[in-house]
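Student: Provided herewith: protein.cif, mmCIF, C-alpha atoms.
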data_upload
#
loop_
_atom_site.label_atom_id
_atom_site.label_comp_id
_atom_site.auth_asym_id
_atom_site.auth_seq_id
_atom_site.Cartn_x
_atom_site.Cartn_y
_atom_site.Cartn_z
CA MET E 112 135.15 139.31 64.49
CA THR E 113 132.55 137.79 66.74
CA GLU E 114 133.58 135.75 69.73
CA PRO E 115 131.91 132.39 70.22
CA PRO E 116 129.32 132.32 72.97
CA HIS E 117 130.75 131.44 76.37
CA PHE E 118 129.06 128.53 78.07
CA GLU E 119 129.53 128.03 81.76
CA ARG E 120 128.85 124.73 83.43
CA ALA E 121 127.12 124.82 86.71
CA PRO E 122 129.65 123.68 89.30
CA SER E 123 126.99 121.70 91.11
CA ARG E 124 126.50 119.39 88.07
CA SER E 125 130.19 118.52 87.80
CA THR E 126 130.45 118.17 91.57
CA ALA E 127 127.44 115.86 91.63
CA LEU E 128 128.84 113.78 88.78
CA ALA E 129 132.27 113.44 90.39
CA SER E 130 130.65 112.42 93.65
CA ALA E 131 128.39 109.87 91.91
CA VAL E 132 131.33 108.27 90.11
CA LEU E 133 133.44 108.05 93.24
CA ASP E 134 130.51 106.60 95.18
CA ARG E 135 130.74 103.67 92.76
CA ALA E 136 134.53 103.57 92.70
CA ASP E 137 134.85 100.28 94.56
CA ARG E 138 133.08 98.46 91.74
CA ASP E 139 133.57 100.77 88.72
CA VAL E 140 137.09 102.21 88.96
CA ALA E 141 139.99 100.05 87.79
CA PHE E 142 143.69 100.65 87.50
CA ILE E 143 144.89 99.21 84.23
CA ILE E 144 148.43 98.05 83.67
CA ARG E 145 149.83 99.49 80.44
CA ILE E 146 153.23 99.02 78.87
CA THR E 147 154.74 102.39 77.92
CA GLY E 148 158.01 104.12 77.11
CA GLU E 149 161.15 102.18 76.35
CA SER E 150 159.43 98.87 77.10
CA LEU E 151 156.81 99.59 74.44
CA ASP E 152 159.56 100.42 71.95
CA LEU E 153 161.41 97.22 72.91
CA LEU E 154 158.27 95.17 72.31
CA SER E 155 157.67 96.83 68.94
CA ARG E 156 161.27 96.31 67.81
CA HIS E 157 161.05 92.66 68.89
CA PHE E 158 158.07 92.07 66.61
CA GLN E 159 159.66 93.95 63.73
CA SER E 160 162.78 91.76 64.02
CA PHE E 161 160.66 88.64 64.39
CA ILE E 162 158.72 89.40 61.19
CA GLU E 163 161.90 90.25 59.27
CA GLU E 164 163.52 86.99 60.40
CA GLU E 165 160.46 84.95 59.42
CA LEU E 166 160.38 86.58 56.00
CA GLN E 167 164.12 86.03 55.50
CA ARG E 168 163.71 82.41 56.58
CA HIS E 169 161.32 82.08 53.64
CA GLY E 170 163.70 83.85 51.25
CA VAL E 171 161.94 87.23 51.25
CA LEU E 172 164.06 90.38 51.47
CA TYR E 173 163.11 94.05 51.49
CA GLY E 174 164.01 94.49 47.82
CA ASP E 175 161.53 91.81 46.78
CA HIS E 176 158.39 93.92 47.09
CA PRO E 177 157.88 97.70 47.29
CA LEU E 178 155.35 97.44 50.13
CA LEU E 179 157.26 94.93 52.24
CA ARG E 180 158.59 97.50 54.73
CA LEU E 181 155.09 98.86 55.23
CA PHE E 182 153.85 95.30 55.75
CA VAL E 183 156.52 94.64 58.40
CA GLU E 184 155.90 97.93 60.21
CA SER E 185 152.12 97.65 60.22
CA HIS E 186 152.14 94.03 61.37
CA SER E 187 154.69 94.72 64.10
CA ARG E 188 152.37 97.49 65.37
CA GLU E 189 149.41 95.12 65.27
CA LEU E 190 151.26 92.45 67.24
CA THR E 191 152.48 95.05 69.74
CA ASP E 192 148.93 96.37 70.19
CA PHE E 193 147.66 92.82 70.69
CA VAL E 194 150.11 92.25 73.55
CA VAL E 195 149.63 95.68 75.15
CA ASN E 196 145.83 95.51 74.99
CA GLY E 197 145.77 91.91 76.19
CA ILE E 198 147.79 92.81 79.26
CA ALA E 199 145.60 95.86 79.91
CA LEU E 200 142.46 93.73 79.73
CA GLN E 201 143.82 90.89 81.82
CA HIS E 202 145.46 93.00 84.52
CA GLN E 203 142.96 95.41 85.98
CA LEU E 204 143.00 96.18 89.67
CA GLY E 205 139.93 97.43 91.43
CA LEU E 206 140.32 100.40 93.73
CA GLN E 207 140.19 98.31 96.92
CA SER E 208 142.68 95.76 95.54
CA PHE E 209 145.02 98.55 94.54
CA GLU E 210 144.79 100.17 97.96
CA ARG E 211 145.62 96.85 99.69
CA SER E 212 148.44 95.80 97.33
CA ARG E 213 151.81 95.84 99.07
CA GLY E 214 154.83 93.63 99.47
CA ASP E 215 154.17 90.04 98.43
CA ALA E 216 151.05 90.97 96.45
CA MET E 217 153.09 93.33 94.26
CA ARG E 218 155.79 90.69 93.74
CA LEU E 219 153.10 88.20 92.70
CA LEU E 220 151.68 90.78 90.32
CA ARG E 221 155.13 91.20 88.73
CA ALA E 222 155.47 87.43 88.27
CA ASP E 223 151.94 87.22 86.87
CA LEU E 224 152.73 90.05 84.46
CA TRP E 225 155.84 88.20 83.26
CA ASP E 226 153.78 85.06 82.59
CA THR E 227 151.09 87.05 80.79
CA LEU E 228 153.56 89.03 78.69
CA HIS E 229 155.42 85.86 77.71
CA GLY E 230 152.16 84.16 76.75
CA TYR E 231 150.84 87.07 74.69
CA VAL E 232 154.13 87.45 72.80
CA ASP E 233 154.14 83.73 71.96
CA THR E 234 150.50 83.87 70.89
CA ALA E 235 151.08 86.94 68.71
CA GLU E 236 154.06 85.30 66.98
CA GLN E 237 152.16 82.05 66.40
CA HIS E 238 149.18 83.96 65.05
CA PHE E 239 151.35 85.92 62.62
CA VAL E 240 153.03 82.82 61.25
CA SER E 241 149.85 80.76 60.95
CA SER E 242 147.14 83.28 60.10
CA LEU E 243 145.58 83.37 56.67
CA GLY E 244 146.12 87.11 56.38
CA GLY E 245 149.71 86.96 57.54
CA LEU E 246 152.93 85.50 56.28
CA ARG E 247 151.58 82.98 53.78
CA ASP E 248 149.57 85.59 51.85
CA ILE E 249 152.47 88.01 51.50
CA LEU E 250 154.78 85.18 50.43
CA ALA E 251 152.29 84.04 47.81
CA GLN E 252 151.95 87.60 46.51
CA ILE E 253 155.72 88.01 46.29
CA ASP E 254 156.06 84.68 44.46
CA ALA E 255 153.32 85.72 42.02
CA ASP E 256 155.07 89.06 41.44
CA ARG E 257 158.41 87.33 40.84
CA LYS E 258 156.88 84.99 38.25
CA MET E 259 155.04 87.83 36.54
CA LEU E 260 158.27 89.85 36.31
CA GLY E 261 160.22 86.85 35.03
CA GLY E 262 162.25 86.33 38.17
CA GLY E 263 160.63 83.10 39.32
CA ASP E 264 162.45 79.82 39.85
CA ASP E 265 160.26 78.19 37.21
CA GLU E 266 161.97 80.17 34.42
CA PRO E 267 164.40 78.19 32.18
#
Mind turning the file's structure into structure tokens?
Tutor:
Amino acid sequence: MTEPPHFERAPSRSTALASAVLDRADRDVAFIIRITGESLDLLSRHFQSFIEEELQRHGVLYGDHPLLRLFVESHSRELTDFVVNGIALQHQLGLQSFERSRGDAMRLLRADLWDTLHGYVDTAEQHFVSSLGGLRDILAQIDADRKMLGGGDDEP
């Protein structure tokens, strides 16, 4: 068996690159706030419950359509990603800002994060309920399936 060729990088190239990037760090390096761990799971479960409640409010239950669980799970992930990515884009700290952040600045950041998180969650929920590709389409499909299978309300 032949071993793949071994390529070595010249240390001076990687050293030069690292130095060049850090020379620009004040304008090009950002610390991004990202929701992770239990908080990410909490956010995802919130959206899953929200979607289930909206569907139930419109008379749709899991037994009504074979792909409904997949719909709920995929849309809850999409809404979660919307919130997480929105916060990451909106809350980026430059290297100098991060180095100076202490005390009151960090408390203000926490309050700003709360406002942003609240706003993105509300926006995601409103988008789900009102979007053309969201709740109305799945409800129309379920109603069409019910009528086709003879389970619609229009049956005598």
Student: Under the rule that only C-alpha atoms are counted, which of E:Leu228, E:Val183, E:Ala255, E:Leu260 is the nearest residue to Ala199 (chain E)?
Tutor: E:Leu228
Student: What is the CA of Glu210 (chain E)-CA of Thr227 (chain E) distance in Å, reported with one decimal?
Tutor: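 Interatomic distance here is 22.5 Å.
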Student: Please list as an MDAnalysis selection string every residue within 9 Å of Arg145 (chain E), counting all atoms listed in the file and excluding residues in the same chain fewer than 6 positions away.
Tutor: chainID E and resid 195:196 198:199 202
Student: So that I can see what lies close to Gln203 (chain E), please list as a PDB file with C-alpha atoms, keeping the file's coordinate frame the residues with an atom at most 12 Å from it, counting all atoms listed in the file and leaving out residues fewer than 6 positions away in the same chain.
Tutor:
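Done, and the output landed in part.pdb:
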ATOM      1  CA  ARG E 138     133.080  98.460  91.740  1.00  0.00           C
ATOM      2  CA  ASP E 139     133.570 100.770  88.720  1.00  0.00           C
ATOM      3  CA  VAL E 140     137.090 102.210  88.960  1.00  0.00           C
ATOM      4  CA  ALA E 141     139.990 100.050  87.790  1.00  0.00           C
ATOM      5  CA  PHE E 142     143.690 100.650  87.500  1.00  0.00           C
ATOM      6  CA  ILE E 143     144.890  99.210  84.230  1.00  0.00           C
ATOM      7  CA  ILE E 144     148.430  98.050  83.670  1.00  0.00           C
ATOM      8  CA  ARG E 145     149.830  99.490  80.440  1.00  0.00           C
ATOM      9  CA  ASN E 196     145.830  95.510  74.990  1.00  0.00           C
ATOM     10  CA  GLY E 197     145.770  91.910  76.190  1.00  0.00           C
ATOM     11  CA  PHE E 209     145.020  98.550  94.540  1.00  0.00           C
ATOM     12  CA  LEU E 220     151.680  90.780  90.320  1.00  0.00           C
ATOM     13  CA  LEU E 224     152.730  90.050  84.460  1.00  0.00           C
TER      14      LEU E 224
END
Student: Considering all atoms listed in the file, can you say which of E:Met259, E:Ala136, E:Arg221, E:Val194 comes closest to Thr234 (chain E)?
Tutor: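 Smallest distance to Thr234 (chain E) is found for E:Val194.
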Student: Excluding Thr191 (chain E) and any residue of its chain fewer than 2 positions from it, enumerate the residues within 8 Å of it, using all atoms listed in the file, and give them as a PDB file with C-alpha atoms, in the frame of the given file.
Tutor:
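Just written: around_26.pdb:
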ATOM      1  CA  LEU E 151     156.810  99.590  74.440  1.00  0.00           C
ATOM      2  CA  LEU E 154     158.270  95.170  72.310  1.00  0.00           C
ATOM      3  CA  SER E 155     157.670  96.830  68.940  1.00  0.00           C
ATOM      4  CA  PHE E 158     158.070  92.070  66.610  1.00  0.00           C
ATOM      5  CA  SER E 187     154.690  94.720  64.100  1.00  0.00           C
ATOM      6  CA  ARG E 188     152.370  97.490  65.370  1.00  0.00           C
ATOM      7  CA  GLU E 189     149.410  95.120  65.270  1.00  0.00           C
ATOM      8  CA  PHE E 193     147.660  92.820  70.690  1.00  0.00           C
ATOM      9  CA  VAL E 194     150.110  92.250  73.550  1.00  0.00           C
ATOM     10  CA  VAL E 195     149.630  95.680  75.150  1.00  0.00           C
TER      11      VAL E 195
END
Student: Would you compute the distance between CA of Arg257 (chain E) and CA of Glu236 (chain E)? Give it in Å to one decimal.
Tutor: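 Spanning CA of Arg257 (chain E) to CA of Glu236 (chain E) is a straight-line distance of 26.6 Å.
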Student: Please put the answer as lines of an AutoDock Vina configuration file: centre and edge lengths, in Å with one decimal, of a box along x, y and z that encloses all listed atoms of region 215-219 of chain E plus 6 Å on each side.
Tutor:
center_x = 153.4
center_y = 90.8
center_z = 95.6
size_x = 16.7
size_y = 17.1
size_z = 17.7
Student: If you measure from CA of Lys258 (chain E) to CA of His176 (chain E), what distance in Å do you get, rounded to one decimal?
Tutor: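 Taking CA of Lys258 (chain E) as the start and CA of His176 (chain E) as the end point, the length is 12.7 Å.
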Student: Once the PyMOL selection byres ((chain E and resi 169) around 12) is applied to the coordinates I shared, what remains selected? I want it as an MDAnalysis selection string.
Tutor: chainID E and resid 162:168 170:172 175 240 246:247 249:251 253:254
Student: For a quick check of understanding, using all atoms listed in the file, which of E:Leu200, E:His157, E:Tyr173, E:Asp134 has the smallest distance to His186 (chain E)?
Tutor: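 Ranked by minimum distance to His186 (chain E), first place goes to E:His157.
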Student: Could you tell me which of E:Ser208, E:Gln201, E:Gly148, E:Arg213 comes closest to Asp226 (chain E) if we count all atoms listed in the file?
Tutor: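 Closest to Asp226 (chain E) of all the choices is E:Gln201.
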Student: Could you tell me which of E:Ala222, E:Leu179, E:Val132, E:Val232 comes closest to Phe161 (chain E) if we count all atoms listed in the file?
Tutor: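 Distance minimum relative to Phe161 (chain E) lands on E:Val232.
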Student: Nearest to His238 (chain E) among E:Arg180, E:Leu190, E:Gln159, E:Leu133, with distances taken over all atoms listed in the file: which residue is it?
Tutor: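 Counting all atoms listed in the file, the residue closest to His238 (chain E) is E:Leu190.
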